[in-house]
Amino acid sequence: MEKQEYRILIKHCFLMGKTSGQSLKWLQKCYPTSAPSRTTVYRWFSEFKMGRTSTEDAPRSGRPKEATNAEIVKQVHRIVLSDRKVKLRELTEAVGISKERAGYILHDVLEMKKLLTQWVPRLLTIDQKQQLMVKLDQLRFELVAHPPYSPDLAPSDYYLFPKLKRWLRGKRFTSNEEVIAETEAYFEGLDVSYYRKGIEMLENRYTKCIALEGNYVEE
C-alpha cells in the first residue's frame, strides 16, 4: 500500500470517530501484509487531533541542518514518548526524515539511548553532575536529604494520577491501545488551569518538606 493511501484511510478512521487502536486493528485485518506500523497510525492520529487536514508530505528542503528544526524534533519526541520501542525505520517513515537524521535527533538533540529495547533519557555524566552542583551552589540552593523518587513532591503522583484513576475506574478495555486513547482523551479535555493548580500545590509541599527536614510530606 502506498503511504498516501494509508494516510487517507487513517484520516477516514479518525473522522469516523474510531480510536487509533481500533484503526490499527482494522488496517491490519484488511491489509495484513502492507498495513502501516502502529507508530505511523498513532502519529497521524496525533496530527489530525492537532488540526492537520492534509495527508500530503510537508515541504522539505532536504538540507540536513534544516531537517532538524524544532517541529521535527517535537514530532520525534512525541512519537518516542508514545512508543518507547519505536524503531529508527518507523521514525523515518512517520516523520519523513533520513535514518541518520532520526538517530542524530534521538542521540544528540534529545539525548536518549536504547536500553534493552526501549528509548530512555541518558544519565548525567560525571562532568554534568559536577556542573549541576556548581550551579546549585552559585544559586545558593540548599540541598535537602530526600529520596530520589518522591511521590509526595511529584505533581504526577500526588495530583494527576489519582484523578486519572478515578476517571478510569469501572471502565473496561480490551487492549493497551484503548487505554492509551482513553487516557489521551482525558488529558486533552482538561483546561490549562487544571495543570497550573497541580504545580502551584508544590509550594506548600516544598515548605512542609523543608520544615520536616526532608521527611515524607503527608496529605
# chains A, B, ... in the order shown; residues from 1 in each chain; ligands from 1
>>> residues_around(residues="Lys49 in chain A", least_positions_apart="2", cutoff="12 Å", atoms="only C-alpha atoms", output="list in words")
Lys11, Phe14, Leu15, Gly17, Thr19, Ser20, Tyr42, Arg43, Trp44, Phe45, Ser46, Glu47, Gly51, Arg52, Thr53, Ala181, Glu184, Ala185, Glu188 and Gly189 of chain A
>>> write_last_selection(atoms="C-alpha atoms", output="PDB file, in the first residue's frame")
ATOM      1  CA  LYS A  11      -7.872  10.077   8.252  1.00  0.00           C
ATOM      2  CA  PHE A  14     -10.252   9.453  12.547  1.00  0.00           C
ATOM      3  CA  LEU A  15     -13.227  11.291  11.045  1.00  0.00           C
ATOM      4  CA  GLY A  17     -14.631   8.598  15.439  1.00  0.00           C
ATOM      5  CA  THR A  19      -9.618   5.324  18.183  1.00  0.00           C
ATOM      6  CA  SER A  20      -6.051   4.875  16.984  1.00  0.00           C
ATOM      7  CA  TYR A  42      -0.569   6.927  16.248  1.00  0.00           C
ATOM      8  CA  ARG A  43       1.484   9.712  14.734  1.00  0.00           C
ATOM      9  CA  TRP A  44      -1.170  10.604  12.137  1.00  0.00           C
ATOM     10  CA  PHE A  45      -3.930  10.465  14.739  1.00  0.00           C
ATOM     11  CA  SER A  46      -1.903  12.923  16.790  1.00  0.00           C
ATOM     12  CA  GLU A  47      -1.504  15.198  13.745  1.00  0.00           C
ATOM     13  CA  GLY A  51      -5.901  20.216  13.465  1.00  0.00           C
ATOM     14  CA  ARG A  52      -3.988  18.911  10.470  1.00  0.00           C
ATOM     15  CA  THR A  53      -6.208  18.237   7.466  1.00  0.00           C
ATOM     16  CA  ALA A 181      -6.676   6.501  23.636  1.00  0.00           C
ATOM     17  CA  GLU A 184      -5.140  10.883  25.904  1.00  0.00           C
ATOM     18  CA  ALA A 185      -8.767  11.959  25.596  1.00  0.00           C
ATOM     19  CA  GLU A 188      -6.760  16.666  26.243  1.00  0.00           C
ATOM     20  CA  GLY A 189     -10.113  17.610  27.763  1.00  0.00           C
TER      21      GLY A 189
END
>>> residues_around(residues="Leu164 in chain A", least_positions_apart="4", cutoff="8 Å", atoms="only C-alpha atoms", output="PyMOL selection string")
chain A and resi 160+168+183+186
>>> residues_around(residues="range 99-104 of chain A", least_positions_apart="4", cutoff="10 Å", atoms="only C-alpha atoms", output="list in words")
Pro64, Lys65, Ala67, Thr68, Ile72, Val73, Val76, Lys87, Leu88, Arg89, Glu90, Leu91, Thr92, Glu93, Val95, Asp108, Val109, Leu110, Glu111, Met112 and Lys113 of chain A
>>> write_last_selection(atoms="N, CA and C atoms", output="tab-separated table (two decimals), in the first residue's frame")
chain	number	residue	atom	x	y	z
A	64	PRO	N	20.38	18.91	5.62
A	64	PRO	CA	20.43	18.32	6.95
A	64	PRO	C	20.14	19.29	8.08
A	65	LYS	N	20.73	20.49	8.05
A	65	LYS	CA	20.54	21.43	9.15
A	65	LYS	C	19.08	21.84	9.27
A	67	ALA	N	16.58	20.12	8.35
A	67	ALA	CA	15.73	18.96	8.66
A	67	ALA	C	15.59	18.77	10.17
A	68	THR	N	16.51	19.37	10.93
A	68	THR	CA	16.47	19.23	12.38
A	68	THR	C	15.92	20.51	13.00
A	72	ILE	N	10.32	19.22	13.84
A	72	ILE	CA	10.73	17.84	13.59
A	72	ILE	C	11.13	17.17	14.90
A	73	VAL	N	11.92	17.87	15.70
A	73	VAL	CA	12.36	17.33	16.99
A	73	VAL	C	11.15	17.04	17.88
A	76	VAL	N	9.44	13.85	16.69
A	76	VAL	CA	10.20	12.66	17.07
A	76	VAL	C	10.03	12.37	18.56
A	87	LYS	N	11.25	1.86	16.32
A	87	LYS	CA	12.49	1.63	15.58
A	87	LYS	C	12.81	2.86	14.72
A	88	LEU	N	14.09	3.02	14.40
A	88	LEU	CA	14.51	4.15	13.57
A	88	LEU	C	13.79	4.12	12.23
A	89	ARG	N	13.60	2.93	11.68
A	89	ARG	CA	12.90	2.80	10.40
A	89	ARG	C	11.48	3.35	10.50
A	90	GLU	N	10.82	3.07	11.61
A	90	GLU	CA	9.45	3.56	11.80
A	90	GLU	C	9.43	5.07	11.98
A	91	LEU	N	10.46	5.60	12.63
A	91	LEU	CA	10.55	7.05	12.81
A	91	LEU	C	10.74	7.76	11.47
A	92	THR	N	11.61	7.21	10.64
A	92	THR	CA	11.85	7.83	9.34
A	92	THR	C	10.58	7.81	8.49
A	93	GLU	N	9.84	6.73	8.60
A	93	GLU	CA	8.58	6.60	7.84
A	93	GLU	C	7.53	7.58	8.36
A	95	VAL	N	7.98	10.47	10.24
A	95	VAL	CA	8.33	11.89	10.22
A	95	VAL	C	8.78	12.36	8.84
A	108	ASP	N	21.72	13.02	19.96
A	108	ASP	CA	22.41	14.28	20.21
A	108	ASP	C	21.50	15.43	20.63
A	109	VAL	N	20.27	15.45	20.12
A	109	VAL	CA	19.35	16.54	20.46
A	109	VAL	C	18.52	16.19	21.69
A	110	LEU	N	17.86	15.04	21.65
A	110	LEU	CA	17.03	14.61	22.78
A	110	LEU	C	17.84	13.89	23.87
A	111	GLU	N	19.09	13.54	23.53
A	111	GLU	CA	19.99	12.87	24.48
A	111	GLU	C	19.34	11.62	25.07
A	112	MET	N	18.92	10.73	24.18
A	112	MET	CA	18.33	9.46	24.60
A	112	MET	C	19.22	8.31	24.13
A	113	LYS	N	19.04	7.17	24.76
A	113	LYS	CA	19.79	5.99	24.37
A	113	LYS	C	18.88	4.78	24.42
>>> atom_distance(atom1="CA of Phe161 in chain A", atom2="CA of Asp191 in chain A")
16.2 Å
>>> decode(residues="range 5-92 of chain A", atoms="C-alpha atoms", output="PDB file, in the first residue's frame")
ATOM      1  CA  GLU A   5      -3.325   5.603   0.525  1.00  0.00           C
ATOM      2  CA  TYR A   6      -2.894   4.551   4.149  1.00  0.00           C
ATOM      3  CA  ARG A   7      -2.834   8.177   5.277  1.00  0.00           C
ATOM      4  CA  ILE A   8      -6.235   8.711   3.661  1.00  0.00           C
ATOM      5  CA  LEU A   9      -7.555   5.555   5.343  1.00  0.00           C
ATOM      6  CA  ILE A  10      -6.217   6.695   8.730  1.00  0.00           C
ATOM      7  CA  LYS A  11      -7.872  10.077   8.252  1.00  0.00           C
ATOM      8  CA  HIS A  12     -11.135   8.338   7.329  1.00  0.00           C
ATOM      9  CA  CYS A  13     -10.989   6.297  10.557  1.00  0.00           C
ATOM     10  CA  PHE A  14     -10.252   9.453  12.547  1.00  0.00           C
ATOM     11  CA  LEU A  15     -13.227  11.291  11.045  1.00  0.00           C
ATOM     12  CA  MET A  16     -15.449   8.268  11.733  1.00  0.00           C
ATOM     13  CA  GLY A  17     -14.631   8.598  15.439  1.00  0.00           C
ATOM     14  CA  LYS A  18     -12.530   5.451  15.735  1.00  0.00           C
ATOM     15  CA  THR A  19      -9.618   5.324  18.183  1.00  0.00           C
ATOM     16  CA  SER A  20      -6.051   4.875  16.984  1.00  0.00           C
ATOM     17  CA  GLY A  21      -6.077   1.317  18.352  1.00  0.00           C
ATOM     18  CA  GLN A  22      -9.307   0.414  16.552  1.00  0.00           C
ATOM     19  CA  SER A  23      -7.974   1.914  13.333  1.00  0.00           C
ATOM     20  CA  LEU A  24      -4.743  -0.058  13.570  1.00  0.00           C
ATOM     21  CA  LYS A  25      -6.629  -3.345  14.065  1.00  0.00           C
ATOM     22  CA  TRP A  26      -8.891  -2.593  11.096  1.00  0.00           C
ATOM     23  CA  LEU A  27      -5.945  -1.762   8.834  1.00  0.00           C
ATOM     24  CA  GLN A  28      -4.059  -4.893   9.891  1.00  0.00           C
ATOM     25  CA  LYS A  29      -7.145  -7.017   9.228  1.00  0.00           C
ATOM     26  CA  CYS A  30      -7.820  -5.517   5.795  1.00  0.00           C
ATOM     27  CA  TYR A  31      -4.168  -5.198   4.730  1.00  0.00           C
ATOM     28  CA  PRO A  32      -2.264  -7.928   6.616  1.00  0.00           C
ATOM     29  CA  THR A  33       0.905  -7.608   4.523  1.00  0.00           C
ATOM     30  CA  SER A  34       1.053  -3.869   3.915  1.00  0.00           C
ATOM     31  CA  ALA A  35      -0.655  -2.131   6.841  1.00  0.00           C
ATOM     32  CA  PRO A  36       1.221   0.860   8.311  1.00  0.00           C
ATOM     33  CA  SER A  37       3.024   0.430  11.620  1.00  0.00           C
ATOM     34  CA  ARG A  38       1.455   1.243  14.977  1.00  0.00           C
ATOM     35  CA  THR A  39       3.780   4.242  15.308  1.00  0.00           C
ATOM     36  CA  THR A  40       2.613   5.623  11.968  1.00  0.00           C
ATOM     37  CA  VAL A  41      -1.075   5.286  12.842  1.00  0.00           C
ATOM     38  CA  TYR A  42      -0.569   6.927  16.248  1.00  0.00           C
ATOM     39  CA  ARG A  43       1.484   9.712  14.734  1.00  0.00           C
ATOM     40  CA  TRP A  44      -1.170  10.604  12.137  1.00  0.00           C
ATOM     41  CA  PHE A  45      -3.930  10.465  14.739  1.00  0.00           C
ATOM     42  CA  SER A  46      -1.903  12.923  16.790  1.00  0.00           C
ATOM     43  CA  GLU A  47      -1.504  15.198  13.745  1.00  0.00           C
ATOM     44  CA  PHE A  48      -5.251  15.155  12.996  1.00  0.00           C
ATOM     45  CA  LYS A  49      -6.085  15.850  16.649  1.00  0.00           C
ATOM     46  CA  MET A  50      -3.918  18.970  16.447  1.00  0.00           C
ATOM     47  CA  GLY A  51      -5.901  20.216  13.465  1.00  0.00           C
ATOM     48  CA  ARG A  52      -3.988  18.911  10.470  1.00  0.00           C
ATOM     49  CA  THR A  53      -6.208  18.237   7.466  1.00  0.00           C
ATOM     50  CA  SER A  54      -3.766  17.419   4.666  1.00  0.00           C
ATOM     51  CA  THR A  55      -2.329  13.950   4.140  1.00  0.00           C
ATOM     52  CA  GLU A  56       0.382  15.248   1.820  1.00  0.00           C
ATOM     53  CA  ASP A  57       4.042  15.456   2.853  1.00  0.00           C
ATOM     54  CA  ALA A  58       5.075  18.809   4.282  1.00  0.00           C
ATOM     55  CA  PRO A  59       7.555  20.752   2.086  1.00  0.00           C
ATOM     56  CA  ARG A  60      11.136  19.688   2.747  1.00  0.00           C
ATOM     57  CA  SER A  61      14.361  21.381   1.765  1.00  0.00           C
ATOM     58  CA  GLY A  62      16.459  18.239   2.077  1.00  0.00           C
ATOM     59  CA  ARG A  63      19.274  20.110   3.757  1.00  0.00           C
ATOM     60  CA  PRO A  64      20.430  18.320   6.948  1.00  0.00           C
ATOM     61  CA  LYS A  65      20.539  21.427   9.151  1.00  0.00           C
ATOM     62  CA  GLU A  66      17.049  22.486   8.156  1.00  0.00           C
ATOM     63  CA  ALA A  67      15.727  18.965   8.663  1.00  0.00           C
ATOM     64  CA  THR A  68      16.468  19.231  12.380  1.00  0.00           C
ATOM     65  CA  ASN A  69      14.124  22.081  13.209  1.00  0.00           C
ATOM     66  CA  ALA A  70      12.077  22.441  16.378  1.00  0.00           C
ATOM     67  CA  GLU A  71       8.920  20.961  14.843  1.00  0.00           C
ATOM     68  CA  ILE A  72      10.725  17.838  13.587  1.00  0.00           C
ATOM     69  CA  VAL A  73      12.362  17.329  16.992  1.00  0.00           C
ATOM     70  CA  LYS A  74       8.977  17.778  18.671  1.00  0.00           C
ATOM     71  CA  GLN A  75       7.411  15.155  16.398  1.00  0.00           C
ATOM     72  CA  VAL A  76      10.202  12.661  17.069  1.00  0.00           C
ATOM     73  CA  HIS A  77       9.987  13.260  20.818  1.00  0.00           C
ATOM     74  CA  ARG A  78       6.209  12.827  20.827  1.00  0.00           C
ATOM     75  CA  ILE A  79       6.455   9.529  18.944  1.00  0.00           C
ATOM     76  CA  VAL A  80       9.157   8.152  21.259  1.00  0.00           C
ATOM     77  CA  LEU A  81       7.157   9.081  24.356  1.00  0.00           C
ATOM     78  CA  SER A  82       4.123   7.239  22.982  1.00  0.00           C
ATOM     79  CA  ASP A  83       6.136   4.184  21.919  1.00  0.00           C
ATOM     80  CA  ARG A  84       9.451   3.632  23.706  1.00  0.00           C
ATOM     81  CA  LYS A  85      10.201   0.634  21.471  1.00  0.00           C
ATOM     82  CA  VAL A  86       9.864   2.528  18.197  1.00  0.00           C
ATOM     83  CA  LYS A  87      12.486   1.635  15.585  1.00  0.00           C
ATOM     84  CA  LEU A  88      14.511   4.149  13.567  1.00  0.00           C
ATOM     85  CA  ARG A  89      12.900   2.804  10.400  1.00  0.00           C
ATOM     86  CA  GLU A  90       9.452   3.558  11.798  1.00  0.00           C
ATOM     87  CA  LEU A  91      10.548   7.053  12.807  1.00  0.00           C
ATOM     88  CA  THR A  92      11.852   7.833   9.338  1.00  0.00           C
TER      89      THR A  92
END
